[in-house]
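Colleague: Please find one structure pasted underneath; my questions will follow.
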Number of protein chains: 2
Amino acid sequence: MISTSSVAKASNSAGDSASKKFVYSFDEADKSMRDILGGKGANLSEMTKIGVPVPFGFTITTTVCDIFVNKSEYPEGFAEQLEEKLELLESKMGKKFGDPHKPLLVSVRSGAAVSMPGMMDTILNLGLNDETVKGLIEQTGNARFAYDSYRRFIQMFSDVVLGIDRELFEEALEKMKERMEKKEDTDLSGKDLQELVNEYKEIVLEKSGNKFPENPLEQLKFSIEAVFNSWNNDRAIAYRRMNNITGLIGTAVNVQAMVFGNMGDDCGTGVAFTRNPSTGEKVFYGEFLMNAQGEDVVAGIRTPMPISELEKIDKNAYDNLIEIKDKLENHYTDMQDIEFTIEKGELFLLQTRGGKRTAAAALRIACEMVEEELLTKEEALLSIDAKQLNQLLHSQIKIGAKRDVIAKGLPASPGAAFGKVVFTAEDAMEMAVDKNEKVILVRKETSPEDISGMNCAQGILTSRGGMTSHAAVVCRGMGKCCVSGCTDIIVNSGAKKLLIGDLVIKEGDVITLDGSTGEVMMGELEMQKPELTENFKTIMEWADEFRTMTVRTNVDTPDDCRIALEFGAEGIGLCRTEHMFFEEDRISLVRKMILAKDADGRMEPLKKLKTVQKDDFVGIFNAMTGKPITIRLLDPPLHEFLPEKNSQIEKLASEMNMTFEEVKDVISSLGEVNPMLGHRGCRLGITYPDIYKMQVQAITEAAIEVSSNGGKADIEIEIPLVGKVNELKVMRELVQSTILEYGDEVNFDYKIGTMIELPRACLTADEIAKEADFFSFGTNDLTQMTYGYSRDDLGKFVPAYLDQGILESDPMASIDQEGVGKLMQICIELAKAEKPEMEIGICGEQGGDPESVFFCHKLGLDYVSCSPYRVPIARLSAAQAAIKGSA
Amino acid sequence: MISTSSVAKASNSAGDSASKKFVYSFDEADKSMRDILGGKGANLSEMTKIGVPVPFGFTITTTVCDIFVNKSEYPEGFAEQLEEKLELLESKMGKKFGDPHKPLLVSVRSGAAVSMPGMMDTILNLGLNDETVKGLIEQTGNARFAYDSYRRFIQMFSDVVLGIDRELFEEALEKMKERMEKKEDTDLSGKDLQELVNEYKEIVLEKSGNKFPENPLEQLKFSIEAVFNSWNNDRAIAYRRMNNITGLIGTAVNVQAMVFGNMGDDCGTGVAFTRNPSTGEKVFYGEFLMNAQGEDVVAGIRTPMPISELEKIDKNAYDNLIEIKDKLENHYTDMQDIEFTIEKGELFLLQTRGGKRTAAAALRIACEMVEEELLTKEEALLSIDAKQLNQLLHSQIKIGAKRDVIAKGLPASPGAAFGKVVFTAEDAMEMAVDKNEKVILVRKETSPEDISGMNCAQGILTSRGGMTSHAAVVCRGMGKCCVSGCTDIIVNSGAKKLLIGDLVIKEGDVITLDGSTGEVMMGELEMQKPELTENFKTIMEWADEFRTMTVRTNVDTPDDCRIALEFGAEGIGLCRTEHMFFEEDRISLVRKMILAKDADGRMEPLKKLKTVQKDDFVGIFNAMTGKPITIRLLDPPLHEFLPEKNSQIEKLASEMNMTFEEVKDVISSLGEVNPMLGHRGCRLGITYPDIYKMQVQAITEAAIEVSSNGGKADIEIEIPLVGKVNELKVMRELVQSTILEYGDEVNFDYKIGTMIELPRACLTADEIAKEADFFSFGTNDLTQMTYGYSRDDLGKFVPAYLDQGILESDPMASIDQEGVGKLMQICIELAKAEKPEMEIGICGEQGGDPESVFFCHKLGLDYVSCSPYRVPIARLSAAQAAIKGSA
């Protein structure tokens, strides 16, 4: 028992046992040391190593950051090492910190192992003070340049180190220009700027209570501390969370001698890509400005020139640059994003890193680099971000289009779309089909009744539900964009309007959805159509060469089968039979079956349903001939099939020769408090065996017909929601005996197995395996049960959890390896001990998520299955997992 | 992949490796061999061994049954052993099977290791045929007796072995009496009965297509087979399921020489208990009939005499019987239930077994046997069925009262009650409080809004919900009887009636509920009040000497604390703070808090709520002073606190200065599809930290006040529904910092921990343990998530699962050791590896279930916690677990 006096505090002891070397000069390290030097530092060292001209400097390791952040102190020996490396830098440059004649000026930059905006970025010109500024004038003969550098340094330092509002400095600058009646910064004289420096210092004194630190060593120490502290600022934490960056211990700090692109017309600066980052074309691509600092290129006050122009201005520097960019690309065997500065005709590289690129560019570069023998196929496959393929598979908002974001929800199904807002499935059909309008269907949440309306909408927006809500799953299946769980909006279907704060959007107003980001925008944004290139096909072929897991798809109709096959699906991992129940001609049969008073009354509608389901299966079996097809028997609770609106209930009552009250009573008696935990899955099969029997008959008759006509049906009949082996035992007997009733007619292969979607199924998988020919992980439900999250309700707190970093990622989007993953592992171990050769796959929606695919590969699954539009992503991810796994 | 031709069939190989001895004579075995000889057989052998007169015979083992049932064959060597034992029996008795002069007649009886009605029971007089019947006449000189025995044998054999309707034989008997113009069976002559035997044989031929088997060996083999086959008949399976009998491999068969109590006036038969089974008083208790067979005592055609009368009729036999009953009770050290027969003045025991008794008798016998030094305290404690204590703690329907059962639900809270049916909480209050009527509240399901109505009802009946539904949990807490999940009834609250098939019950009609069996009866049944005797106190004291687990209670009010303390609770394992929110004066504050637009608006109602919650806590802390108190912070989703009815919504709107629509909108926006998986528990605490902060302030201020006034508050603050360590980390910081705001004032001990109720919490318990001072298993929710069952909805399929044997027991009533138990074990192992000394208990409702208490003891839990009325059961169970565990 603890008393109030003993409040324990968790202490992070990382780094205690790490190396004792805390500072590396650029000539002491290489690119392999990214973990402790950060990406920027490791690459500066690497460039130094391979002879690329880089201003000299040193890097303080991430270990120092880790210790500083957690213990508020520096490790023993750090101060001495810093001093030593600083002296080395001074001697290399022939300059000294604080020297009034030849002062050393440096930049201080952060740099973690992974590129990460949000941390303190850059301080330039560090080392300037009232004395050294004179030395700079002495060296350059340019007082204006020197004082401009000085005032920029004070402003940057005050902003990022002292936290003084940069606006105050901007105001002082503006006032100075007014006073001097000058229009541009560049019109100010050296003397003006010198006066401005003094004004800046007064601002510092007033706001911070201290004088601006004139001692360059103090300036440096403050700056290093500021970098370290920025590691855990809100923006940096948010960025790491949003990008799933985990496992880093801190940022490194790079201290580098300054070179100036703004000392005169023989100076300049620029950024470039070794290939075109939009298209992937092998052309040198970038821009530069003469007599400018790096920030000027980005700021857009002056228009930079295309990189090719440099040849005309400074042929020598240009030739050098070309040589270096080729050297870098060949050395890194990847398209590089570089920054350079020319100081008085001399070229320096300030940074190189892998260049960000579009999906199209990534594919082209990968293919061409293999042709150029720069990369092996394996390396080429690993160079592509599988998630990025979504860009190629769905319409996107044109890059650069202005986004007037009015709300943000979950990125539930990728792609983008615009259309007129409608609030009911009926209105969607009327406007889309009858009036040929593009519509966006907006609902609190969707239900199977909305399918037709969803089908003819361009995109779906819901205020509730998570990444595996009905809307999300159905849209991914349809390849349609969806933003779900958008808690910013209040949907009032009755009044046909939606509210976002004070903004009212009415039926017919146009909005645009981005299902890849979750953004909702006012008006119509320009779109970019998807296209599948030759490069895409090449990459997919290579992926298929290397992957060891099969990739199946989750589809319910022959049409979807065809789309999935085009994307390379090798079978069906999940065919949800209930989706067939919702089509116009069946739903009334289904309702009649449900409303029947007893098994006898169910006979007739069941018989008719069997006929239509058989036809559905024939279509699917023909489309997928020869490929394995997992068919899940009826899963959702029966009340999902009954109408909710009084008008529909009345209609149904008259069809059924029942009173309105009677039908209402049945609906109410079937209602459930927590339908997700209710009377569904095999619980239905056990209490209404005639429904499952009908489905098995339909499957059997379809398989016989297809096989008799030269096709090959390879069927896996799946019993959903088994938690106890007895359930599967009883259902297996039902399925088996139903099929055996067809005797010698049975001319196809089949298995009987179960979806693993309850924690209890995982925990007793050895028992369940005895009755199963296969397992398929239903990780949607498994995640719901393991976390106790409802896919329909998690929109209420999961966004807050993500914001606060309580969850690193949405467990519905990517398998929670720590919790759900542990259950999967327990399940597989128990099952394989019982049946070593049993087929085990996954059909949860995470089957199309690259990280989850990696995890499934590690678990040794036989296949992953996902919606058709995610099949290419799964194929590539599976290949990457296999390549990494065997490396 | 299997093809249709290879249908695997699970084969049960139990018994293959068992002993090769399949038949034991009564002089070869003893009572320790119950598993293979069954209870009856083992006791017949034991009596033989200790010199009690028993007709000789032999027992066929349960192993033979197991093999026969699963393989439809007898084990090798069985036939030879059977023959050998039969020969031994013949030689012992000096009679022979089929001998026309001195025929051997036997009885054949089933008997498993546990007493089990439903199986084939008894065949008497086996060995009679047209030849041997003459031998019987020869031996007894009584043709009437011989043919009566013969026709009884044919009837019994035909019924149980051949499955011929016994009515046919009764009809033939009636016709014979008519023809002979006789009134009673006993008026028929030997000749009449001989003719009847022939008629019986014709019935057999006609109905079975075969002649009645005259060969005694064949008769025996058929009978043995019939016993074995009855092991898996529906009634036997249902009985095993209902009584949680698992792990048995089959039944034994006892073949025993016949003795006759109906050969004349020097013969007789009877049944008796060595002590009074109703009161436990130490008096010989039973009844007998002279010149009768055992079935006549039971049949009630003749009125049996009290056992004491036997002394007058046959002093010798009576003295013998007294001596034997003392010998048996002392030998078995338990009250015995015996059957005896006197054949021509000679006394034979046919059975002895532990006698069934009431709870009051069990306690008295246990206490007195310790006084008599027949039992140790440990043995006395083990002799009591802990569940039976319910009889003493709640009103019961008087034993023997006629039950007109009209429906059956789940036995959700023990005890019994009658009253007038009402359908709303309001009506309950009006009738009970204003009109002083006894009422039974009937609802589809109850919600926290119904609490006041439930409180003044005698009992609750719901058509939905399981053993841990709201109604069940609240009623157990109140010690009030409840039948839940009664799917037989349709509740129409609007029309104030309920339907059971065609039966309509209206408001005001009287029904009786038995919450221990789940039965609903028409009308008012006579009741028996509970009483806590001295024996009860003695047993509880002894239990406390031996148990190692602490027993706490789940209570929310000072009144309940007092009840629980009387029952021996040693602390509070679960105090649900939200129950305090529902009282009349708070609910409007809670609603104001929920409807507030922002944190500022919540301030005022929160402040007021803090004051009332503080008072509640002061009451509880004072009542429980010095004992540990686990307080769970707010758990249910907020919408549970909002009204459902339009009239109440209107009232609230006017109180809040809001429009009806606005309030309705908030209610609708807070609504959830699956509230059990929704925005509740710590998810509320994280998104509305001010609510938790208020609760912690109320707890702290109450603890300071109580401690300052000489009390001792020992507080455990519990964060509900943690699935990920980050949740607990954030909440721990909130709780900790809130308490620390009180600085030096804090004068009490506290811990901060969590309820373990999500599978993910178990799987990551090592991580969570780092932030927890204690764990408490919330097995209600843990079971819901592990199985994917909603406590509110499982009434729809769990009864069917129990009926079909898919579930052996309701996992909400008794911990599912295989699934949920495995998660608990994983949790404990991970947590103890991190914090070996951490306190771990259970507060799920299973904490009051004996089997679950045993399991918790095995897991090494520190305490169990249950509703006040189950505390005595938990104390006794914990003692039994400790005694068994250390044995």
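Starting from 1 in every chain, residues are counted up; chains themselves are A, B, ... following the order of the structure tokens, and ligands are numbered from 1 as listed.
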For chain B, which residues have at least one atom within 8 Å of chain A, if we go by only C-alpha atoms? Write them as an mmCIF file with C-alpha atoms, in the first residue's frame, please.
Modeller:
```
data_model
loop_
_atom_site.group_PDB
_atom_site.id
_atom_site.type_symbol
_atom_site.label_atom_id
_atom_site.label_comp_id
_atom_site.auth_asym_id
_atom_site.auth_seq_id
_atom_site.Cartn_x
_atom_site.Cartn_y
_atom_site.Cartn_z
ATOM 1 C CA MET B 1 -8.040 -29.996 -48.684
ATOM 2 C CA ILE B 2 -10.594 -32.695 -48.043
ATOM 3 C CA SER B 3 -12.804 -33.973 -50.776
ATOM 4 C CA THR B 4 -16.316 -35.237 -50.259
ATOM 5 C CA GLU B 672 -25.016 4.697 -29.378
ATOM 6 C CA VAL B 673 -25.507 1.621 -31.498
ATOM 7 C CA ASN B 674 -23.669 -0.597 -29.008
ATOM 8 C CA PRO B 675 -23.492 1.283 -25.730
ATOM 9 C CA MET B 676 -21.660 -1.584 -24.042
ATOM 10 C CA LEU B 677 -18.791 -0.974 -26.472
ATOM 11 C CA GLY B 678 -19.171 2.764 -26.476
ATOM 12 C CA HIS B 679 -18.254 6.011 -24.838
ATOM 13 C CA ARG B 683 -13.201 6.961 -22.142
ATOM 14 C CA THR B 687 -12.901 13.184 -22.717
ATOM 15 C CA GLY B 723 -7.619 -1.290 -22.436
ATOM 16 C CA LYS B 724 -4.304 0.422 -22.946
ATOM 17 C CA ASN B 726 -1.891 5.132 -21.678
ATOM 18 C CA GLU B 727 -5.482 5.476 -20.533
ATOM 19 C CA VAL B 746 -4.478 14.324 3.032
ATOM 20 C CA PHE B 748 -5.674 8.729 4.629
ATOM 21 C CA ASP B 749 -4.205 5.856 2.648
ATOM 22 C CA TYR B 750 -5.089 5.421 -0.963
ATOM 23 C CA LYS B 751 -4.223 3.393 -4.002
ATOM 24 C CA LEU B 758 -11.293 -5.937 -21.440
ATOM 25 C CA PRO B 759 -9.413 -8.773 -23.133
ATOM 26 C CA ARG B 760 -6.795 -6.248 -24.163
ATOM 27 C CA LEU B 763 -3.127 -9.324 -22.777
ATOM 28 C CA THR B 764 -1.106 -6.219 -21.888
ATOM 29 C CA ASP B 773 -1.487 -0.213 -7.469
ATOM 30 C CA GLN B 784 -19.168 -10.136 -22.452
ATOM 31 C CA MET B 785 -16.145 -9.167 -24.519
ATOM 32 C CA THR B 786 -14.482 -12.571 -24.531
ATOM 33 C CA TYR B 787 -17.639 -14.313 -25.727
ATOM 34 C CA GLY B 788 -19.049 -11.367 -27.654
ATOM 35 C CA TYR B 789 -22.251 -11.684 -25.583
ATOM 36 C CA SER B 790 -24.265 -8.692 -24.441
ATOM 37 C CA ASP B 792 -28.818 -7.495 -22.145
ATOM 38 C CA ASP B 793 -29.336 -9.605 -25.233
ATOM 39 C CA LEU B 794 -28.093 -13.082 -24.468
ATOM 40 C CA LYS B 796 -32.247 -14.640 -27.077
ATOM 41 C CA PHE B 797 -29.872 -17.551 -27.586
ATOM 42 C CA ALA B 800 -31.186 -22.494 -26.429
ATOM 43 C CA ILE B 806 -23.612 -26.074 -26.452
ATOM 44 C CA LEU B 807 -22.906 -24.212 -23.235
ATOM 45 C CA GLU B 818 -11.527 -22.288 -20.307
ATOM 46 C CA GLY B 819 -11.816 -18.914 -22.035
ATOM 47 C CA VAL B 820 -12.280 -16.024 -19.629
ATOM 48 C CA LYS B 822 -7.371 -18.265 -19.449
ATOM 49 C CA LEU B 823 -7.363 -14.514 -19.964
#
```
Colleague: Applying 10 Å and only C-alpha atoms, which residues near Glu661 of chain A remain after dropping the ones on its own chain fewer than 5 positions away? List them as a list in words.
Modeller: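 After dropping sequence-adjacent residues, the list is Ile649, Glu650, Ala653, Val666 and Ile667 of chain A.
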Colleague: Segment 202-314 of chain B: which residues are alpha helix (DSSP H) by DSSP, as a ChimeraX atom specification?
Modeller: /B:202-208,216-230,234-242,294-299,310-313
Colleague: Leu89 of chain B: which residues within 10 Å, counting only C-alpha atoms, same-chain residues fewer than 6 positions away excluded, as a list in words?
Modeller: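 So, after excluding close chain neighbours, the residues are Ser25, Phe26, Pro55, Phe56, Gly57, Phe58, Glu83, Lys95, Lys96, Phe97, Leu104, Val106, Val255, Gln256 and Ala257 of chain B.
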Colleague: State, in Å with one decimal place, the distance from atom CA of Lys592 of chain A to atom CA of Cys682 of chain A.
Modeller: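 Atom CA of Cys682 of chain A lies 20.8 Å from atom CA of Lys592 of chain A.
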Colleague: Separation of atom CA of Ile717 of chain B and atom CA of Ile631 of chain B, in Å?
Modeller: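 Between atom CA of Ile717 of chain B and atom CA of Ile631 of chain B the gap is 5.1 Å.
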Colleague: Please return as a PyMOL selection string: the residues of segment 606-652 of chain B that backbone DSSP assigns to strand (DSSP E or B).
Modeller: chain B and resi 628-632
Colleague: For Arg152 of chain A, please output as a ChimeraX atom specification all residues within 12 Å (counting only C-alpha atoms; exclusion window: fewer than 2 positions along the same chain).
Modeller: /A:122-126,128-129,145-150,154-159,166,169-170,173,185,193-194,196-197,200-201,293,295
Colleague: Please compute the atom CA of Asn210 of chain B-atom CA of Tyr74 of chain B distance, one decimal, in Å.
Modeller: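 Atom CA of Asn210 of chain B sits 23.9 Å away from atom CA of Tyr74 of chain B.
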Colleague: If we count only C-alpha atoms, what is near segment 540-555 of chain A at a cut-off of 8 Å, once residues fewer than 5 positions away on the same chain are taken out, given as JSON, numbers by chain?
Modeller: {"A": [377, 378, 381, 477, 560, 561, 564, 568, 569, 570, 571, 572, 573, 574, 575, 576, 843, 857, 861, 862, 863, 864, 865, 866, 867, 868, 871, 872, 874, 875, 876, 878, 879, 880, 881, 882, 883]}
Colleague: Within 9 Å of Asp337 of chain A, counting only C-alpha atoms, which residues qualify if same-chain residues fewer than 3 places away don't, as a PyMOL selection string?
Modeller: chain A and resi 271-275+351-356
Colleague: So that I have them on file, write out the residues from the current selection with all heavy atoms, as an mmCIF file, in the first residue's frame.
Modeller:
```cif
data_model
loop_
_atom_site.group_PDB
_atom_site.id
_atom_site.type_symbol
_atom_site.label_atom_id
_atom_site.label_comp_id
_atom_site.auth_asym_id
_atom_site.auth_seq_id
_atom_site.Cartn_x
_atom_site.Cartn_y
_atom_site.Cartn_z
ATOM 1 N N VAL A 271 17.431 24.350 -54.611
ATOM 2 C CA VAL A 271 17.005 23.002 -54.242
ATOM 3 C C VAL A 271 16.700 22.252 -55.529
ATOM 4 O O VAL A 271 16.267 22.850 -56.508
ATOM 5 C CB VAL A 271 15.748 23.022 -53.350
ATOM 6 C CG1 VAL A 271 16.040 23.666 -52.001
ATOM 7 C CG2 VAL A 271 14.600 23.755 -54.034
ATOM 8 N N ALA A 272 16.943 20.914 -55.510
ATOM 9 C CA ALA A 272 16.704 20.157 -56.736
ATOM 10 C C ALA A 272 16.457 18.693 -56.439
ATOM 11 O O ALA A 272 16.813 18.192 -55.372
ATOM 12 C CB ALA A 272 17.911 20.296 -57.676
ATOM 13 N N PHE A 273 15.794 18.038 -57.381
ATOM 14 C CA PHE A 273 15.581 16.587 -57.324
ATOM 15 C C PHE A 273 16.357 15.950 -58.464
ATOM 16 O O PHE A 273 16.402 16.498 -59.562
ATOM 17 C CB PHE A 273 14.100 16.260 -57.487
ATOM 18 C CG PHE A 273 13.250 16.737 -56.347
ATOM 19 C CD1 PHE A 273 12.750 18.032 -56.324
ATOM 20 C CD2 PHE A 273 12.954 15.876 -55.290
ATOM 21 C CE1 PHE A 273 11.959 18.460 -55.275
ATOM 22 C CE2 PHE A 273 12.166 16.313 -54.243
ATOM 23 C CZ PHE A 273 11.662 17.609 -54.218
ATOM 24 N N THR A 274 16.932 14.785 -58.203
ATOM 25 C CA THR A 274 17.729 14.164 -59.262
ATOM 26 C C THR A 274 16.845 13.631 -60.384
ATOM 27 O O THR A 274 17.323 13.401 -61.488
ATOM 28 C CB THR A 274 18.603 13.036 -58.692
ATOM 29 O OG1 THR A 274 17.758 12.102 -58.029
ATOM 30 C CG2 THR A 274 19.616 13.592 -57.703
ATOM 31 N N ARG A 275 15.564 13.409 -60.114
ATOM 32 C CA ARG A 275 14.596 13.087 -61.175
ATOM 33 C C ARG A 275 13.317 13.868 -60.894
ATOM 34 O O ARG A 275 13.116 14.335 -59.769
ATOM 35 C CB ARG A 275 14.269 11.587 -61.218
ATOM 36 C CG ARG A 275 15.509 10.726 -61.368
ATOM 37 C CD ARG A 275 15.230 9.284 -61.689
ATOM 38 N NE ARG A 275 16.522 8.569 -61.687
ATOM 39 C CZ ARG A 275 16.788 7.492 -62.424
ATOM 40 N NH1 ARG A 275 15.867 6.941 -63.205
ATOM 41 N NH2 ARG A 275 17.982 6.941 -62.366
ATOM 42 N N GLN A 351 22.523 19.501 -47.995
ATOM 43 C CA GLN A 351 21.646 18.385 -47.611
ATOM 44 C C GLN A 351 21.425 17.475 -48.788
ATOM 45 O O GLN A 351 21.402 17.925 -49.940
ATOM 46 C CB GLN A 351 20.279 18.945 -47.160
ATOM 47 C CG GLN A 351 19.171 17.894 -47.109
ATOM 48 C CD GLN A 351 18.315 18.021 -45.863
ATOM 49 O OE1 GLN A 351 18.827 18.200 -44.752
ATOM 50 N NE2 GLN A 351 17.040 17.949 -46.024
ATOM 51 N N THR A 352 21.310 16.190 -48.518
ATOM 52 C CA THR A 352 20.758 15.257 -49.511
ATOM 53 C C THR A 352 19.869 14.277 -48.772
ATOM 54 O O THR A 352 20.136 13.927 -47.625
ATOM 55 C CB THR A 352 21.868 14.507 -50.281
ATOM 56 O OG1 THR A 352 21.258 13.812 -51.373
ATOM 57 C CG2 THR A 352 22.568 13.466 -49.394
ATOM 58 N N ARG A 353 18.784 13.908 -49.398
ATOM 59 C CA ARG A 353 17.883 12.911 -48.783
ATOM 60 C C ARG A 353 17.033 12.301 -49.884
ATOM 61 O O ARG A 353 16.912 12.857 -50.977
ATOM 62 C CB ARG A 353 16.989 13.555 -47.725
ATOM 63 C CG ARG A 353 16.141 14.682 -48.255
ATOM 64 C CD ARG A 353 15.291 15.324 -47.171
ATOM 65 N NE ARG A 353 14.606 16.500 -47.693
ATOM 66 C CZ ARG A 353 13.913 17.347 -46.955
ATOM 67 N NH1 ARG A 353 13.832 17.161 -45.648
ATOM 68 N NH2 ARG A 353 13.304 18.378 -47.494
ATOM 69 N N GLY A 354 16.432 11.135 -49.575
ATOM 70 C CA GLY A 354 15.514 10.524 -50.530
ATOM 71 C C GLY A 354 14.413 11.506 -50.842
ATOM 72 O O GLY A 354 13.842 12.107 -49.938
ATOM 73 N N GLY A 355 14.091 11.694 -52.131
ATOM 74 C CA GLY A 355 13.098 12.694 -52.501
ATOM 75 C C GLY A 355 11.686 12.167 -52.389
ATOM 76 O O GLY A 355 11.406 11.025 -52.759
ATOM 77 N N LYS A 356 10.784 13.016 -51.847
ATOM 78 C CA LYS A 356 9.353 12.673 -51.851
ATOM 79 C C LYS A 356 8.871 12.657 -53.289
ATOM 80 O O LYS A 356 9.297 13.459 -54.117
ATOM 81 C CB LYS A 356 8.569 13.740 -51.058
ATOM 82 C CG LYS A 356 8.846 13.715 -49.576
ATOM 83 C CD LYS A 356 7.537 13.770 -48.773
ATOM 84 C CE LYS A 356 7.757 13.298 -47.360
ATOM 85 N NZ LYS A 356 8.311 14.352 -46.485
#
```
